[in-house]
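*Asks:* This is run16.csv (CSV, C-alpha atoms and all ligand atoms).
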```csv
chain,number,residue,atom,x,y,z
A,95,MET,CA,0.0,0.0,0.0
A,96,PRO,CA,1.6,3.3,-1.0
A,97,SER,CA,1.5,5.8,1.9
A,98,GLU,CA,-0.6,8.9,1.9
A,99,THR,CA,2.6,11.0,1.4
A,100,ILE,CA,3.6,9.0,-1.7
A,101,LYS,CA,0.1,9.3,-3.2
A,102,LYS,CA,0.0,13.1,-2.5
A,103,ALA,CA,3.5,13.7,-3.9
A,104,ASP,CA,2.8,11.7,-7.0
A,105,VAL,CA,-0.2,13.9,-7.7
A,106,PHE,CA,1.1,17.3,-6.9
A,107,ILE,CA,4.9,17.4,-7.4
A,108,ALA,CA,6.4,17.8,-10.8
A,109,ALA,CA,7.3,14.4,-12.0
A,110,THR,CA,11.0,15.1,-12.6
A,111,TYR,CA,12.3,12.4,-10.3
A,112,LYS,CA,11.9,8.7,-10.3
A,113,ARG,CA,11.8,8.2,-6.5
A,114,LEU,CA,12.3,5.1,-4.5
A,115,PRO,CA,9.1,4.2,-2.6
A,116,VAL,CA,10.1,5.2,0.9
A,117,VAL,CA,9.1,8.2,3.0
A,118,LEU,CA,12.0,9.3,5.2
A,119,THR,CA,11.4,11.1,8.4
A,120,ARG,CA,14.5,11.1,10.5
A,121,GLY,CA,18.2,10.5,10.4
A,122,GLU,CA,21.2,10.0,12.6
A,123,GLY,CA,24.8,9.3,11.5
A,124,CYS,CA,24.5,6.8,8.6
A,125,THR,CA,21.0,5.7,9.5
A,126,LEU,CA,17.7,6.9,8.2
A,127,TRP,CA,14.2,6.0,9.4
A,128,ASP,CA,10.9,5.8,7.4
A,129,GLU,CA,7.4,6.8,8.5
A,130,SER,CA,6.8,3.3,9.8
A,131,GLY,CA,9.9,3.5,12.0
A,132,ARG,CA,11.9,1.1,9.9
A,133,ALA,CA,15.7,1.8,9.8
A,134,TYR,CA,17.9,2.0,6.7
A,135,LEU,CA,21.6,2.2,6.3
A,136,ASP,CA,22.3,5.2,4.1
A,137,PHE,CA,25.0,4.9,1.4
A,138,VAL,CA,23.6,7.8,-0.6
A,139,ALA,CA,24.0,10.6,2.0
A,140,GLY,CA,21.6,12.8,0.0
A,141,ILE,CA,23.9,12.3,-3.1
A,142,ALA,CA,27.3,13.0,-1.5
A,143,VAL,CA,25.9,15.9,0.6
A,144,CYS,CA,25.6,14.8,4.2
A,145,ASN,CA,29.3,14.0,4.5
A,146,LEU,CA,29.2,14.3,8.4
A,147,GLY,CA,26.1,12.1,8.5
A,148,HIS,CA,22.6,13.0,9.4
A,149,ALA,CA,21.7,15.3,12.3
A,150,HIS,CA,25.4,15.9,13.2
A,151,PRO,CA,25.2,17.6,16.7
A,152,ALA,CA,27.7,20.4,15.8
A,153,VAL,CA,25.8,21.3,12.6
A,154,THR,CA,22.4,21.0,14.3
A,155,LEU,CA,23.5,23.3,17.1
A,156,ALA,CA,25.0,25.9,14.7
A,157,VAL,CA,21.8,26.0,12.6
A,158,ALA,CA,19.5,26.2,15.6
A,159,GLU,CA,21.5,29.0,17.2
A,160,GLN,CA,21.9,30.9,14.0
A,161,ALA,CA,18.2,30.5,13.0
A,162,ALA,CA,17.2,32.0,16.3
A,163,ARG,CA,19.6,35.0,15.8
A,164,LEU,CA,19.7,36.0,12.2
A,165,VAL,CA,18.8,34.1,9.0
A,166,HIS,CA,19.2,36.5,6.1
A,167,VAL,CA,20.2,40.1,5.5
A,168,SER,CA,21.4,40.1,1.8
A,169,ASN,CA,24.9,40.8,0.5
A,170,LEU,CA,24.4,44.5,1.0
A,171,PHE,CA,25.8,44.0,4.5
A,172,TYR,CA,28.6,42.0,6.2
A,173,THR,CA,27.9,39.0,8.4
A,174,GLN,CA,30.5,37.1,10.5
A,175,PRO,CA,29.7,33.5,9.6
A,176,GLN,CA,30.2,34.3,5.9
A,177,ALA,CA,33.6,36.0,6.5
A,178,ASP,CA,34.6,33.0,8.7
A,179,VAL,CA,33.8,30.4,6.1
A,180,ALA,CA,35.5,32.4,3.3
A,181,ALA,CA,38.6,32.7,5.4
A,182,LEU,CA,38.6,28.9,6.2
A,183,LEU,CA,38.1,28.0,2.6
A,184,VAL,CA,41.0,30.2,1.5
A,185,GLU,CA,43.3,29.1,4.3
A,186,ASN,CA,42.8,25.5,3.3
A,187,SER,CA,42.9,25.7,-0.5
A,188,PHE,CA,44.8,27.2,-3.4
A,189,ALA,CA,42.3,30.1,-3.6
A,190,ASP,CA,42.4,33.7,-2.5
A,191,ARG,CA,38.7,34.7,-2.8
A,192,VAL,CA,35.3,33.0,-2.5
A,193,PHE,CA,31.9,33.9,-4.1
A,194,PHE,CA,29.0,32.3,-2.3
A,195,CYS,CA,25.8,31.0,-4.0
A,196,ASN,CA,23.1,28.4,-3.4
A,197,SER,CA,23.8,25.4,-5.5
A,198,GLY,CA,26.3,23.5,-7.6
A,199,ALA,CA,24.9,24.8,-10.9
A,200,GLU,CA,25.1,28.4,-9.7
A,201,ALA,CA,28.7,27.9,-8.6
A,202,ASN,CA,29.5,26.6,-12.1
A,203,GLU,CA,27.6,29.5,-13.7
A,204,ALA,CA,29.8,31.9,-11.7
A,205,ALA,CA,32.9,30.0,-12.8
A,206,ILE,CA,31.9,30.2,-16.5
A,207,LYS,CA,31.1,33.9,-16.1
A,208,LEU,CA,34.3,34.6,-14.3
A,209,ALA,CA,36.4,32.9,-17.0
A,210,ARG,CA,34.8,35.0,-19.7
A,211,LYS,CA,35.1,38.2,-17.7
A,212,TYR,CA,38.7,37.5,-17.0
A,213,PHE,CA,39.6,37.6,-20.7
A,214,TYR,CA,37.2,40.4,-21.4
A,215,GLU,CA,39.0,42.5,-18.8
A,216,LYS,CA,42.3,41.7,-20.5
A,217,GLY,CA,40.9,43.1,-23.7
A,218,ASP,CA,40.6,39.6,-25.2
A,219,SER,CA,36.8,39.2,-25.5
A,220,ASP,CA,37.1,36.7,-28.4
A,221,ARG,CA,38.5,34.3,-25.9
A,222,PHE,CA,35.3,33.0,-24.4
A,223,ARG,CA,35.1,29.3,-25.3
A,224,ILE,CA,35.1,26.6,-22.6
A,225,VAL,CA,36.3,23.1,-23.3
A,226,ALA,CA,34.5,20.5,-21.2
A,227,MET,CA,34.5,16.7,-21.1
A,228,ASP,CA,32.3,14.0,-22.6
A,229,LYS,CA,30.2,12.3,-19.8
A,230,SER,CA,30.7,15.3,-17.5
A,231,PHE,CA,28.0,16.7,-15.3
A,232,HIS,CA,27.9,20.4,-14.3
A,233,GLY,CA,24.3,21.1,-13.5
A,234,ARG,CA,20.8,21.7,-15.0
A,235,THR,CA,20.7,25.5,-15.6
A,236,MET,CA,21.0,26.5,-19.3
A,237,ALA,CA,24.7,27.3,-19.1
A,238,THR,CA,25.7,24.3,-17.0
A,239,LEU,CA,23.6,22.0,-19.1
A,240,SER,CA,25.4,23.4,-22.1
A,241,ALA,CA,28.7,22.5,-20.4
A,242,THR,CA,27.4,19.0,-19.6
A,243,GLY,CA,28.7,16.3,-22.0
A,244,GLN,CA,25.7,14.0,-21.8
A,245,GLU,CA,23.2,13.9,-24.7
A,246,LYS,CA,20.4,12.5,-22.4
A,247,ILE,CA,20.6,15.6,-20.1
A,248,ARG,CA,20.7,18.1,-23.0
A,249,LYS,CA,17.9,16.4,-25.1
A,250,GLY,CA,14.8,18.6,-25.6
A,251,PHE,CA,16.4,21.8,-24.5
A,252,ASP,CA,18.0,23.0,-27.7
A,253,PRO,CA,19.3,25.5,-28.6
A,254,VAL,CA,21.8,25.1,-25.8
A,255,LEU,CA,24.3,28.0,-25.1
A,256,GLY,CA,27.1,28.4,-27.6
A,257,GLY,CA,30.8,28.5,-26.7
A,258,PHE,CA,31.3,25.0,-25.3
A,259,ASP,CA,33.5,22.3,-26.9
A,260,PHE,CA,33.8,18.7,-25.8
A,261,VAL,CA,36.6,16.2,-25.7
A,262,PRO,CA,36.9,12.8,-24.2
A,263,PHE,CA,38.0,12.6,-20.5
A,264,ASN,CA,41.5,11.2,-20.1
A,265,ASP,CA,42.5,12.1,-23.7
A,266,ILE,CA,45.3,14.7,-23.5
A,267,THR,CA,45.9,14.6,-27.3
A,268,GLY,CA,42.2,15.3,-28.0
A,269,LEU,CA,42.3,18.2,-25.5
A,270,LYS,CA,45.5,19.7,-27.0
A,271,ALA,CA,43.9,19.6,-30.5
A,272,LYS,CA,40.8,21.4,-29.2
A,273,LEU,CA,42.5,24.3,-27.5
A,274,ASP,CA,42.9,27.4,-29.5
A,275,TYR,CA,43.1,31.2,-29.2
A,276,ARG,CA,39.4,31.4,-28.4
A,277,THR,CA,39.6,28.9,-25.4
A,278,ALA,CA,39.2,30.7,-22.1
A,279,ALA,CA,39.0,27.7,-19.8
A,280,VAL,CA,39.1,23.9,-19.5
A,281,LEU,CA,36.3,22.7,-17.2
A,282,LEU,CA,36.4,19.3,-15.6
A,283,GLU,CA,35.6,17.1,-12.6
A,284,PRO,CA,38.8,15.6,-11.2
A,285,ILE,CA,36.8,12.4,-10.8
A,286,GLN,CA,33.6,12.3,-12.9
A,287,GLY,CA,30.7,11.6,-10.6
A,288,GLU,CA,27.4,11.4,-12.4
A,289,GLY,CA,29.2,10.2,-15.5
A,290,GLY,CA,30.0,6.9,-13.8
A,291,VAL,CA,32.6,7.4,-11.1
A,292,ARG,CA,35.4,7.7,-13.6
A,293,CYS,CA,38.9,8.4,-12.3
A,294,PRO,CA,41.6,10.3,-14.2
A,295,SER,CA,44.4,8.1,-15.6
A,296,ALA,CA,47.9,8.5,-14.2
A,297,GLY,CA,49.4,11.9,-15.2
A,298,TYR,CA,46.3,13.1,-17.0
A,299,LEU,CA,45.3,16.0,-14.7
A,300,GLU,CA,49.0,17.0,-14.4
A,301,ALA,CA,49.2,17.1,-18.2
A,302,VAL,CA,46.0,19.2,-18.4
A,303,ARG,CA,47.5,21.7,-15.9
A,304,ALA,CA,50.7,21.9,-18.0
A,305,LEU,CA,48.7,22.4,-21.2
A,306,CYS,CA,46.7,25.2,-19.6
A,307,ASN,CA,49.9,26.9,-18.4
A,308,GLU,CA,51.5,26.7,-21.8
A,309,THR,CA,48.4,28.3,-23.5
A,310,GLY,CA,47.4,30.7,-20.8
A,311,THR,CA,44.1,28.9,-20.4
A,312,LEU,CA,42.2,28.9,-17.1
A,313,LEU,CA,41.7,25.5,-15.4
A,314,ILE,CA,38.3,25.1,-13.6
A,315,PHE,CA,37.8,22.1,-11.3
A,316,ASP,CA,34.2,21.2,-10.6
A,317,GLU,CA,34.7,19.7,-7.1
A,318,ILE,CA,31.0,19.9,-6.2
A,319,GLN,CA,30.9,16.1,-5.7
A,320,THR,CA,34.6,15.4,-5.0
A,321,GLY,CA,35.2,18.2,-2.6
A,322,MET,CA,34.7,18.4,1.2
A,323,GLY,CA,36.7,15.3,2.1
A,324,ARG,CA,34.8,12.9,-0.2
A,325,THR,CA,37.9,11.5,-1.9
A,326,GLY,CA,40.1,11.3,1.2
A,327,ARG,CA,41.6,14.8,0.9
A,328,LEU,CA,39.7,18.1,1.7
A,329,PHE,CA,39.7,18.7,-2.1
A,330,ALA,CA,40.4,16.1,-4.8
A,331,TYR,CA,43.0,18.2,-6.6
A,332,GLU,CA,45.3,17.7,-3.6
A,333,HIS,CA,45.9,14.1,-4.7
A,334,PHE,CA,47.6,15.2,-7.9
A,335,GLY,CA,50.1,17.9,-6.8
A,336,ILE,CA,48.5,20.5,-9.0
A,337,GLU,CA,46.0,23.4,-8.4
A,338,PRO,CA,43.2,24.8,-10.5
A,339,ASP,CA,42.7,28.5,-11.1
A,340,ILE,CA,39.0,28.3,-10.2
A,341,MET,CA,37.1,25.6,-8.2
A,342,THR,CA,33.4,25.1,-7.5
A,343,LEU,CA,31.9,23.6,-4.4
A,344,ALA,CA,28.4,22.8,-3.3
A,345,LYS,CA,26.9,19.5,-2.2
A,346,ALA,CA,28.6,18.8,1.2
A,347,LEU,CA,29.6,22.4,1.9
A,348,ALA,CA,26.9,22.9,4.5
A,349,ASN,CA,26.1,19.2,5.1
A,350,GLY,CA,22.6,19.5,3.5
A,351,LEU,CA,21.8,23.2,3.7
A,352,PRO,CA,21.7,24.6,0.2
A,353,MET,CA,25.0,26.3,-0.4
A,354,GLY,CA,27.5,26.7,-3.3
A,355,ALA,CA,30.8,28.5,-3.6
A,356,MET,CA,33.2,29.5,-6.4
A,357,LEU,CA,36.8,29.9,-5.4
A,358,ALA,CA,39.5,31.6,-7.4
A,359,ARG,CA,43.1,32.8,-7.4
A,360,GLU,CA,43.3,36.6,-6.8
A,361,GLN,CA,44.5,37.4,-10.3
A,362,VAL,CA,41.4,35.7,-11.7
A,363,ALA,CA,39.0,36.7,-9.0
A,364,GLU,CA,39.9,40.4,-9.7
A,365,ALA,CA,37.8,40.3,-12.9
A,366,PHE,CA,34.6,40.3,-10.7
A,367,GLY,CA,34.1,43.8,-9.3
A,368,PRO,CA,31.0,45.3,-7.6
A,369,GLY,CA,27.9,44.7,-9.7
A,370,SER,CA,29.5,42.1,-12.0
A,371,HIS,CA,27.8,39.1,-10.4
A,372,ALA,CA,25.3,38.6,-7.6
A,373,THR,CA,22.7,36.5,-5.8
A,374,THR,CA,20.2,37.4,-3.2
A,375,PHE,CA,20.6,34.4,-1.0
A,376,GLY,CA,24.2,33.5,-1.5
A,377,GLY,CA,26.0,32.8,1.8
A,378,THR,CA,23.3,33.7,4.2
A,379,PRO,CA,24.3,33.7,7.9
A,380,LEU,CA,22.2,30.5,8.3
A,381,VAL,CA,23.9,28.4,5.7
A,382,THR,CA,27.4,29.8,6.4
A,383,ALA,CA,26.9,29.1,10.1
A,384,ALA,CA,26.2,25.5,9.1
A,385,SER,CA,29.2,25.5,6.8
A,386,HIS,CA,31.5,26.9,9.4
A,387,ALA,CA,30.5,24.1,11.7
A,388,VAL,CA,31.1,21.6,8.9
A,389,LEU,CA,34.6,22.9,8.1
A,390,ARG,CA,35.7,23.0,11.7
A,391,GLN,CA,34.6,19.4,12.2
A,392,MET,CA,36.4,18.4,9.0
A,393,LEU,CA,39.6,20.1,9.9
A,394,GLU,CA,39.7,19.5,13.7
A,395,ASN,CA,38.8,15.8,13.4
A,396,ASP,CA,40.7,15.2,10.1
A,397,ILE,CA,37.5,13.7,8.5
A,398,PRO,CA,39.3,13.4,5.1
A,399,GLU,CA,41.7,10.9,6.8
A,400,THR,CA,38.7,9.0,8.3
A,401,CYS,CA,37.3,8.9,4.8
A,402,ARG,CA,40.6,7.7,3.3
A,403,LYS,CA,40.8,4.7,5.7
A,404,ALA,CA,37.1,3.8,5.3
A,405,GLY,CA,37.3,4.2,1.6
A,406,ALA,CA,40.4,2.0,1.3
A,407,TYR,CA,38.7,-0.7,3.4
A,408,PHE,CA,35.4,-0.5,1.3
A,409,PHE,CA,37.3,-0.6,-2.0
A,410,ASP,CA,39.1,-3.8,-0.9
A,411,ARG,CA,35.8,-5.4,0.2
A,412,LEU,CA,34.3,-4.5,-3.1
A,413,LEU,CA,37.2,-6.1,-4.9
A,414,GLN,CA,36.6,-9.3,-2.9
A,415,LEU,CA,33.0,-9.1,-3.9
A,416,LYS,CA,34.0,-8.8,-7.5
A,417,GLU,CA,36.0,-12.1,-7.2
A,418,ARG,CA,32.8,-13.9,-6.1
A,419,HIS,CA,30.5,-12.3,-8.6
A,420,PRO,CA,31.3,-12.3,-12.3
A,421,ILE,CA,28.5,-9.8,-13.0
A,422,ILE,CA,30.7,-7.1,-11.4
A,423,GLU,CA,32.9,-5.8,-14.2
A,424,GLU,CA,34.8,-3.1,-12.3
A,425,VAL,CA,35.4,-1.4,-9.0
A,426,ARG,CA,36.1,2.3,-9.4
A,427,GLY,CA,36.6,5.5,-7.5
A,428,LEU,CA,38.6,7.1,-4.7
A,429,GLY,CA,37.9,7.6,-1.0
A,430,LEU,CA,34.2,7.2,-0.4
A,431,LEU,CA,33.2,8.0,-4.0
A,432,LEU,CA,33.0,4.5,-5.2
A,433,GLY,CA,31.3,2.7,-8.1
A,434,LEU,CA,30.6,-0.9,-9.1
A,435,LYS,CA,30.1,-1.3,-12.8
A,436,LEU,CA,27.8,-4.3,-13.4
A,437,ALA,CA,27.3,-6.4,-16.5
A,438,VAL,CA,23.5,-6.0,-15.9
A,439,ASP,CA,21.0,-3.2,-15.2
A,440,ALA,CA,21.7,-1.9,-11.7
A,441,GLU,CA,18.1,-0.8,-10.8
A,442,PRO,CA,16.9,-4.2,-9.5
A,443,VAL,CA,19.9,-4.4,-7.3
A,444,VAL,CA,19.1,-1.0,-5.8
A,445,LEU,CA,15.4,-2.1,-5.2
A,446,LYS,CA,16.5,-5.4,-3.6
A,447,CYS,CA,18.9,-3.5,-1.3
A,448,LEU,CA,16.1,-1.1,-0.3
A,449,GLU,CA,13.9,-4.1,0.6
A,450,ARG,CA,16.7,-5.2,2.9
A,451,GLY,CA,17.1,-1.8,4.5
A,452,PHE,CA,20.0,-0.4,2.6
A,453,LEU,CA,20.0,2.8,0.5
A,454,ILE,CA,22.3,3.0,-2.5
A,455,ASN,CA,22.2,4.8,-5.8
A,456,TRP,CA,22.6,3.9,-9.4
A,457,ILE,CA,23.8,5.9,-12.3
A,458,GLN,CA,24.2,5.5,-16.1
A,459,GLY,CA,22.0,2.4,-16.0
A,460,ASP,CA,24.6,-0.2,-14.9
A,461,ILE,CA,26.7,1.5,-12.2
A,462,LEU,CA,26.1,1.3,-8.5
A,463,ARG,CA,27.4,4.4,-6.7
A,464,PHE,CA,28.3,4.4,-3.1
A,465,VAL,CA,28.7,7.8,-1.4
A,466,PRO,CA,28.0,7.2,2.3
A,467,PRO,CA,28.6,9.8,5.0
A,468,LEU,CA,32.4,10.0,5.6
A,469,ILE,CA,31.9,8.8,9.2
A,470,VAL,CA,30.7,5.4,8.0
A,471,THR,CA,32.1,2.6,10.2
A,472,ILE,CA,33.8,-0.6,9.2
A,473,GLN,CA,30.9,-2.5,10.7
A,474,GLU,CA,28.4,-0.5,8.5
A,475,ILE,CA,30.6,-1.2,5.4
A,476,ASP,CA,30.6,-4.9,6.3
A,477,ARG,CA,26.8,-4.9,6.5
A,478,MET,CA,26.5,-3.2,3.1
A,479,ILE,CA,28.9,-5.8,1.6
A,480,ASP,CA,26.9,-8.7,3.1
A,481,CYS,CA,23.7,-7.2,1.7
A,482,LEU,CA,25.2,-6.8,-1.8
A,483,ASP,CA,26.6,-10.4,-1.6
A,484,ASP,CA,23.2,-11.8,-0.9
A,485,VAL,CA,21.4,-9.6,-3.4
A,486,LEU,CA,23.8,-10.4,-6.2
A,487,THR,CA,23.7,-14.1,-5.4
A,488,ASP,CA,19.9,-14.0,-5.5
A,489,LEU,CA,19.9,-12.0,-8.7
A,490,VAL,CA,22.1,-14.5,-10.6
A,491,ARG,CA,20.1,-17.5,-9.2
A,492,GLY,CA,16.8,-15.8,-10.2
A,493,GLU,CA,18.1,-15.2,-13.7
A,494,ARG,CA,19.2,-18.8,-14.0
A,495,THR,CA,15.8,-20.0,-12.9
A,496,ALA,CA,14.1,-17.8,-15.4
A,497,VAL,CA,16.2,-19.2,-18.2
A,498,GLN,CA,15.5,-22.8,-17.4
A,501,LIG,C1,25.7,17.7,-8.2
A,501,LIG,C2,26.6,18.3,-9.1
A,501,LIG,C3,26.4,19.5,-9.8
A,501,LIG,C4,25.1,20.3,-9.7
A,501,LIG,O1,24.8,20.7,-8.4
A,501,LIG,P1,23.4,21.2,-8.0
A,501,LIG,O2,23.5,21.7,-6.6
A,501,LIG,O3,22.4,20.1,-8.2
A,501,LIG,O4,23.1,22.3,-9.0
A,501,LIG,C5,27.4,20.0,-10.6
A,501,LIG,N1,28.6,19.4,-10.7
A,501,LIG,C6,28.8,18.2,-10.1
A,501,LIG,C7,30.2,17.5,-10.4
A,501,LIG,C8,27.9,17.6,-9.3
A,501,LIG,O5,28.1,16.4,-8.8
```
If you convert what's in this file into structure tokens, what do you get?

*Replies:*
Amino acid sequence: MPSETIKKADVFIAATYKRLPVVLTRGEGCTLWDESGRAYLDFVAGIAVCNLGHAHPAVTLAVAEQAARLVHVSNLFYTQPQADVAALLVENSFADRVFFCNSGAEANEAAIKLARKYFYEKGDSDRFRIVAMDKSFHGRTMATLSATGQEKIRKGFDPVLGGFDFVPFNDITGLKAKLDYRTAAVLLEPIQGEGGVRCPSAGYLEAVRALCNETGTLLIFDEIQTGMGRTGRLFAYEHFGIEPDIMTLAKALANGLPMGAMLAREQVAEAFGPGSHATTFGGTPLVTAASHAVLRQMLENDIPETCRKAGAYFFDRLLQLKERHPIIEEVRGLGLLLGLKLAVDAEPVVLKCLERGFLINWIQGDILRFVPPLIVTIQEIDRMIDCLDDVLTDLVRGERTAVQ
């Protein structure tokens, strides 16, 4: 029997999502509960958002206190939480300045606008093109959709914005051939998330950086999914010994409150002066108070290190699972951004896991994506592995029975 909430939602909410049939009411750490009080182990974390887990006490306290004091005043004024978060982001990254906004797509919009404005200010307004990657994902607004290298996401929305070129990810020769005097920036995710948890091959990102240096092209890293400790470092670029010129963040930045940010080096950030870009809500005291609590937890308790250990353990256990189940083709990812490429459709696996009280996500049809809170324990990972082991065994057995 579908619940009253599901019935109501299916009638009144725009049908843009295919939702799993569960109404969630409460969370704590890596556990969520539904309206009947049933518990689920959460390996989705609101799509790599609740990196500190659900209802983290420090974040809850920061939000409650700030909500009672001051929620919003606009960016016509100064507020302390916003200044504190900007300072922490700058002190812990390559960047010198931060622009706050409300989502990942908006952060990428700001990055695209900044790259164009940077060359305009240099008197080089012909240099506006952005080279992005096949299978990338940068958001659903018109500009970010135009920067997204996935036909199924762009379909039906033509004409998309001009000025974007695409090359295959991990193909440095293809990128070199595409760059010319009109290229303002290269835009990429250090690890492609929505595109299938695809890691850069050895030396690729370093070569992209070198190519950008040679040609004076800006390098934009979309770390909306990979940032905030997800890969085992605060930002994924730290794994590769290089730095971007511009970086975008959102998802886990405020552990679930809507918040995005665009970070840039001073020389690039300078192109944005008063009036050149703006947003009413960006960096409200409420979301920045949450984000300040998140960053302090991340830094003081070295959550990226916690993630690195849990991620390495999880990766090994997934490899063991692959040994036992030939329908697993590949284990991919870094830290706690992990994927299992299956030889079959992944949706039935997700539904079977849900029935057993485990929440996971699938992308690109045949890839299971695991993005649990970074505080996930070894025991919780073991439970997830046992569940997958059973579900995959049943799946193969079921298929065999169907064939006979
Ligand atoms: C989620 C995501 C976005 C879009 O973020 P929204 O907040 O949904 O607009 C952009 N880029 C990457 C890499 C993402 O994972």

*Asks:* Mind listing the residues within 8 Å of ligand LIG 501 (chain A), all atoms listed in the file counted, as an MDAnalysis selection string?

*Replies:* chainID A and resid 141 196:202 230:235 238 283 286:288 316:320 344:345 352:354

*Asks:* Could you state the separation of atom CA of A:Leu430 and atom CA of A:Met478 in Å, given to one decimal place?

*Replies:* 13.4 Å

*Asks:* Considering all atoms listed in the file, state which residue in the set A:Val225, A:Ile461, A:Val291, A:Leu453 is at the smallest distance from A:Pro262.

*Replies:*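 Closest to A:Pro262 of all the choices is A:Val225.
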
*Asks:* Could you give me, as a PDB file with C-alpha atoms, in the frame of the given file, the residues that have an atom at most 12 Å away from the point (36.2, 28.2, 4.6) in the coordinates of the file, using all atoms listed in the file?

*Replies:*
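Below you can see selection_34.pdb, which holds the result:
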```pdb
ATOM      1  CA  PRO A 175      29.700  33.500   9.600  1.00  0.00           C
ATOM      2  CA  GLN A 176      30.200  34.300   5.900  1.00  0.00           C
ATOM      3  CA  ALA A 177      33.600  36.000   6.500  1.00  0.00           C
ATOM      4  CA  ASP A 178      34.600  33.000   8.700  1.00  0.00           C
ATOM      5  CA  VAL A 179      33.800  30.400   6.100  1.00  0.00           C
ATOM      6  CA  ALA A 180      35.500  32.400   3.300  1.00  0.00           C
ATOM      7  CA  ALA A 181      38.600  32.700   5.400  1.00  0.00           C
ATOM      8  CA  LEU A 182      38.600  28.900   6.200  1.00  0.00           C
ATOM      9  CA  LEU A 183      38.100  28.000   2.600  1.00  0.00           C
ATOM     10  CA  VAL A 184      41.000  30.200   1.500  1.00  0.00           C
ATOM     11  CA  GLU A 185      43.300  29.100   4.300  1.00  0.00           C
ATOM     12  CA  ASN A 186      42.800  25.500   3.300  1.00  0.00           C
ATOM     13  CA  SER A 187      42.900  25.700  -0.500  1.00  0.00           C
ATOM     14  CA  PHE A 188      44.800  27.200  -3.400  1.00  0.00           C
ATOM     15  CA  ALA A 189      42.300  30.100  -3.600  1.00  0.00           C
ATOM     16  CA  ASP A 190      42.400  33.700  -2.500  1.00  0.00           C
ATOM     17  CA  ARG A 191      38.700  34.700  -2.800  1.00  0.00           C
ATOM     18  CA  VAL A 192      35.300  33.000  -2.500  1.00  0.00           C
ATOM     19  CA  PHE A 193      31.900  33.900  -4.100  1.00  0.00           C
ATOM     20  CA  PHE A 194      29.000  32.300  -2.300  1.00  0.00           C
ATOM     21  CA  MET A 322      34.700  18.400   1.200  1.00  0.00           C
ATOM     22  CA  LEU A 328      39.700  18.100   1.700  1.00  0.00           C
ATOM     23  CA  LEU A 343      31.900  23.600  -4.400  1.00  0.00           C
ATOM     24  CA  LEU A 347      29.600  22.400   1.900  1.00  0.00           C
ATOM     25  CA  ALA A 348      26.900  22.900   4.500  1.00  0.00           C
ATOM     26  CA  GLY A 354      27.500  26.700  -3.300  1.00  0.00           C
ATOM     27  CA  ALA A 355      30.800  28.500  -3.600  1.00  0.00           C
ATOM     28  CA  MET A 356      33.200  29.500  -6.400  1.00  0.00           C
ATOM     29  CA  LEU A 357      36.800  29.900  -5.400  1.00  0.00           C
ATOM     30  CA  GLY A 377      26.000  32.800   1.800  1.00  0.00           C
ATOM     31  CA  THR A 382      27.400  29.800   6.400  1.00  0.00           C
ATOM     32  CA  ALA A 383      26.900  29.100  10.100  1.00  0.00           C
ATOM     33  CA  ALA A 384      26.200  25.500   9.100  1.00  0.00           C
ATOM     34  CA  SER A 385      29.200  25.500   6.800  1.00  0.00           C
ATOM     35  CA  HIS A 386      31.500  26.900   9.400  1.00  0.00           C
ATOM     36  CA  ALA A 387      30.500  24.100  11.700  1.00  0.00           C
ATOM     37  CA  VAL A 388      31.100  21.600   8.900  1.00  0.00           C
ATOM     38  CA  LEU A 389      34.600  22.900   8.100  1.00  0.00           C
ATOM     39  CA  ARG A 390      35.700  23.000  11.700  1.00  0.00           C
ATOM     40  CA  GLN A 391      34.600  19.400  12.200  1.00  0.00           C
ATOM     41  CA  MET A 392      36.400  18.400   9.000  1.00  0.00           C
ATOM     42  CA  LEU A 393      39.600  20.100   9.900  1.00  0.00           C
TER      43      LEU A 393
END
```

*Asks:* Have a look at A:Arg132, A:Arg426, A:Arg324, A:Arg113 and name the one nearest to A:Ser295; count all atoms listed in the file.

*Replies:*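 Looking only at the distances to A:Ser295, the closest residue turns out to be A:Arg426.
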
*Asks:* Report as a list in words all protein, DNA and RNA residues lying within 12 Å of A:Arg477, evaluated on all atoms listed in the file, omitting residues in the same chain fewer than 4 positions from it.

*Replies:*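 Result of the neighbour search: Tyr134, Leu135, Asp136, Phe137, Phe408, Arg411, Cys447, Arg450, Gly451, Phe452, Leu453, Val470, Thr471, Ile472, Gln473, Cys481, Leu482, Asp483 and Asp484 of chain A.
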
*Asks:* Separation of atom CA of A:Asp104 and atom CA of A:Glu129, in Å?

*Replies:*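 One can read the atom CA of A:Asp104 to atom CA of A:Glu129 distance as 16.9 Å.
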
*Asks:* One number please: atom CA of A:Lys403 to atom CA of A:Glu417, in Å, one decimal.

*Replies:*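 Rounded to one decimal, the two atoms are 21.7 Å apart.
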
*Asks:* Do you know which residues lie at most 9 Å from (17.6, 16.3, 2.2), with coordinates as in the file and all atoms listed in the file counted, and could you write them as a PDB file with C-alpha atoms, keeping the file's coordinate frame?

*Replies:*
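See part_11.pdb below for the written result:
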```pdb
ATOM      1  CA  ALA A 139      24.000  10.600   2.000  1.00  0.00           C
ATOM      2  CA  GLY A 140      21.600  12.800   0.000  1.00  0.00           C
ATOM      3  CA  VAL A 143      25.900  15.900   0.600  1.00  0.00           C
ATOM      4  CA  CYS A 144      25.600  14.800   4.200  1.00  0.00           C
ATOM      5  CA  GLY A 350      22.600  19.500   3.500  1.00  0.00           C
ATOM      6  CA  LEU A 351      21.800  23.200   3.700  1.00  0.00           C
TER       7      LEU A 351
END
```
